[in-house]
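K.L.:
Supplied structure: my_file-v2.txt, compact mmCIF, C-alpha atoms.
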```txt
# COMPACT_ATOMS: atom_id res chain seq x y z
CA MET A 4 5.60 -24.49 -48.04
CA GLU A 5 3.41 -25.98 -45.27
CA LYS A 6 6.53 -26.46 -43.17
CA TYR A 7 7.25 -22.70 -43.26
CA ILE A 8 3.67 -21.81 -42.33
CA ILE A 9 3.78 -24.15 -39.32
CA ILE A 10 7.15 -22.73 -38.22
CA GLY A 11 5.80 -19.17 -38.61
CA LEU A 12 2.67 -19.93 -36.57
CA ALA A 13 4.76 -21.63 -33.88
CA ALA A 14 7.00 -18.54 -33.70
CA VAL A 15 3.98 -16.22 -33.35
CA VAL A 16 2.49 -18.40 -30.59
CA LEU A 17 5.85 -18.46 -28.77
CA ILE A 18 6.17 -14.66 -28.94
CA MET A 19 2.60 -14.21 -27.66
CA LEU A 20 3.30 -16.60 -24.78
CA ILE A 21 6.44 -14.67 -23.80
CA VAL A 22 4.52 -11.36 -23.88
CA ILE A 23 1.73 -12.78 -21.69
CA ILE A 24 4.22 -14.13 -19.16
CA CYS A 25 6.09 -10.80 -19.01
CA LEU A 26 2.85 -8.86 -18.50
CA SER A 27 1.64 -11.19 -15.75
CA VAL A 28 4.96 -10.90 -13.90
CA LYS A 29 4.83 -7.10 -14.15
CA ASN A 30 1.22 -7.06 -12.92
CA LYS A 31 2.09 -9.33 -10.00
CA ASN A 32 4.91 -6.99 -8.99
CA LEU A 33 2.47 -4.05 -8.89
CA LYS A 34 0.03 -5.81 -6.53
CA PHE A 35 1.09 -6.86 -3.07
CA GLY A 36 -0.71 -7.06 0.25
CA GLY A 37 -3.89 -5.35 -1.00
CA ILE A 38 -1.87 -2.43 -2.32
CA LYS A 39 -1.36 -1.40 -5.92
CA VAL A 40 1.34 0.98 -7.11
CA LYS A 41 0.66 2.72 -10.39
CA ASN A 42 2.88 5.42 -11.88
CA GLY A 43 4.70 5.92 -8.58
CA VAL A 44 1.50 6.53 -6.57
CA ARG A 45 0.28 4.11 -3.91
CA TYR A 46 -3.36 3.01 -4.05
CA THR A 47 -4.98 1.05 -1.22
CA LYS A 48 -7.78 -1.46 -1.52
CA ASP A 49 -10.23 -1.44 1.37
CA GLU A 50 -9.58 -4.14 3.95
CA MET A 51 -11.44 -5.05 7.12
CA ILE A 52 -10.29 -2.71 9.86
CA GLU A 53 -13.06 -3.70 12.27
CA LYS A 54 -14.44 -7.10 13.27
CA ASN A 55 -17.63 -7.43 15.29
CA ASN A 56 -17.61 -3.64 15.91
CA GLU A 57 -14.17 -3.88 17.54
CA VAL A 58 -10.82 -2.54 16.34
CA ASN A 59 -9.08 -5.12 14.16
CA VAL A 60 -5.34 -4.57 14.53
CA THR A 61 -3.46 -6.30 11.74
CA TYR A 62 -0.06 -5.85 10.19
CA ASN A 63 0.30 -6.78 6.55
CA GLU A 64 3.32 -6.99 4.35
CA LYS A 65 4.25 -3.52 3.07
CA ASP A 66 2.44 -1.68 5.89
CA ILE A 67 4.44 1.24 7.27
CA VAL A 68 4.84 1.55 11.04
CA LEU A 69 5.35 5.10 12.31
CA GLU A 70 7.43 5.17 15.48
CA VAL A 71 6.62 7.80 18.12
CA GLY A 72 8.67 10.97 17.67
CA LYS A 73 10.31 9.93 14.39
CA GLU A 74 9.64 12.19 11.40
CA TYR A 75 8.96 10.55 8.03
CA VAL A 76 9.06 12.33 4.67
CA VAL A 77 6.67 11.21 1.92
CA GLY A 78 8.56 10.28 -1.23
CA GLU A 79 11.59 8.93 0.63
CA ASN A 80 12.32 5.28 1.41
CA LYS A 81 9.17 3.12 1.10
CA MET A 82 6.61 5.86 1.73
CA LEU A 83 4.94 6.81 -1.54
CA PRO A 84 2.45 9.64 -2.02
CA GLY A 85 -1.19 8.57 -1.99
CA THR A 86 -4.11 7.64 0.24
CA TYR A 87 -3.40 5.72 3.44
CA THR A 88 -5.59 4.26 6.16
CA VAL A 89 -4.24 5.05 9.63
CA LEU A 90 -4.50 2.10 12.01
CA ALA A 91 -3.86 1.67 15.71
CA THR A 92 -1.03 -0.63 16.72
CA ASN A 93 -2.97 -2.00 19.68
CA ASP A 94 -6.62 -2.58 20.43
CA THR A 95 -6.76 -0.47 23.61
CA ASN A 96 -5.77 2.90 22.11
CA PHE A 97 -7.73 3.45 18.93
CA LYS A 98 -7.29 7.25 19.01
CA PHE A 99 -3.88 8.80 18.44
CA ASN A 100 -2.23 12.07 17.44
CA LEU A 101 -0.31 12.60 14.20
CA ARG A 102 1.69 15.63 13.12
CA VAL A 103 1.22 16.14 9.37
CA GLY A 104 2.98 19.13 7.83
CA GLY A 105 3.61 20.68 11.25
CA LEU A 106 -0.01 20.49 12.48
CA VAL A 107 -1.05 17.99 15.17
CA ARG A 108 -4.49 16.40 14.88
CA GLU A 109 -6.26 13.49 16.57
CA TYR A 110 -7.07 10.53 14.30
CA GLU A 111 -9.09 7.38 14.92
CA HIS A 112 -8.39 3.84 13.81
CA GLY A 113 -9.52 3.43 10.20
CA GLU A 114 -9.49 7.08 9.08
CA LYS A 115 -8.14 7.91 5.64
CA ILE A 116 -5.29 10.35 5.13
CA VAL A 117 -3.90 11.74 1.88
CA LEU A 118 -0.16 12.40 1.76
CA SER A 119 1.61 14.33 -0.99
CA LYS A 120 5.25 14.12 -1.96
CA GLY A 121 7.35 16.16 0.48
CA ASP A 122 4.81 16.04 3.35
CA THR A 123 6.20 15.17 6.76
CA ILE A 124 4.36 12.90 9.19
CA THR A 125 5.17 12.04 12.80
CA ALA A 126 3.35 9.83 15.31
CA VAL A 127 2.99 11.97 18.44
CA SER A 128 1.15 9.88 21.03
CA HIS A 129 1.34 6.21 19.92
CA SER A 130 2.92 4.13 17.19
CA VAL A 131 0.67 4.02 14.11
CA ILE A 132 0.35 1.73 11.07
CA LEU A 133 -0.16 3.26 7.61
CA ARG A 134 -1.84 0.93 5.14
```
Please render this file's structure as structure tokens.
P.N.:
Amino acid sequence: MEKYIIIGLAAVVLIMLIVIICLSVKNKNLKFGGIKVKNGVRYTKDEMIEKNNEVNVTYNEKDIVLEVGKEYVVGENKMLPGTYTVLATNDTNFKFNLRVGGLVREYEHGEKIVLSKGDTITAVSHSVILR
């Protein structure tokens, strides 16, 4: 009888261990480069975009680089709907123009932008990083 209880407890512990491992792998896949994807929407954790009151240009894994003149559609390829921080690609031009939904507006390094599925975005004046 004791043998069956020990085998049962060992089986329960093994199942719990497998569940914990599966959940940790799934959680790790959702978090990468300071970004978390939940239910198909991209959420960004704040990162340092300025150092010593100067523009801090960094490129992290999973950042999206917008090329000048190329139109991107939110919801296609890697670009998910959600909140993005727009960053300059060089430290000399920290202001740039973006066309979002057909309207051109000037943005500064570190501003937040919210993109919905189906929105179009184009870098007009300089290449831009979306984080």
K.L.:
Could you work out how far atom CA of A:Ala126 lies from atom CA of A:Gly113, giving the answer in Å with one decimal?
P.N.:
15.3 Å
K.L.:
Nearest residue to A:Thr92 out of A:Val131, A:Val15, A:Val71, A:Ile24, using all atoms listed in the file?
P.N.:
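Ranking A:Val131, A:Val15, A:Val71, A:Ile24 by distance to A:Thr92, first place goes to A:Val131.
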K.L.:
Could you please determine the separation between atom CA of A:Val77 and atom CA of A:Leu90 in Å, to one decimal place?
P.N.:
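Taking atom CA of A:Val77 as the start and atom CA of A:Leu90 as the end point, the length is 17.6 Å.
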K.L.:
If we count all atoms listed in the file, what is near stretch 93-106 of chain A at a cut-off of 7 Å, once residues fewer than 4 positions away on the same chain are taken out, given as a PyMOL selection string?
P.N.:
chain A and resi 58+60+110-112+122-129
K.L.:
Atom CA of A:Thr86 to atom CA of A:Leu118: how many Å, to one decimal?
P.N.:
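Straight-line distance from atom CA of A:Thr86 to atom CA of A:Leu118 works out to 6.4 Å.
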K.L.:
Considering only C-alpha atoms, state which residue in the set A:Leu133, A:Met4, A:Leu26, A:Ile21 is at the smallest distance from A:Glu70.
P.N.:
A:Leu133
K.L.:
Please check which residues have atoms at most 8 Å from (-5.0, 9.7, 1.9) in the file's coordinates, counting only C-alpha atoms, and write them as an NGL selection string.
P.N.:
:A and (85-88 or 115-118)
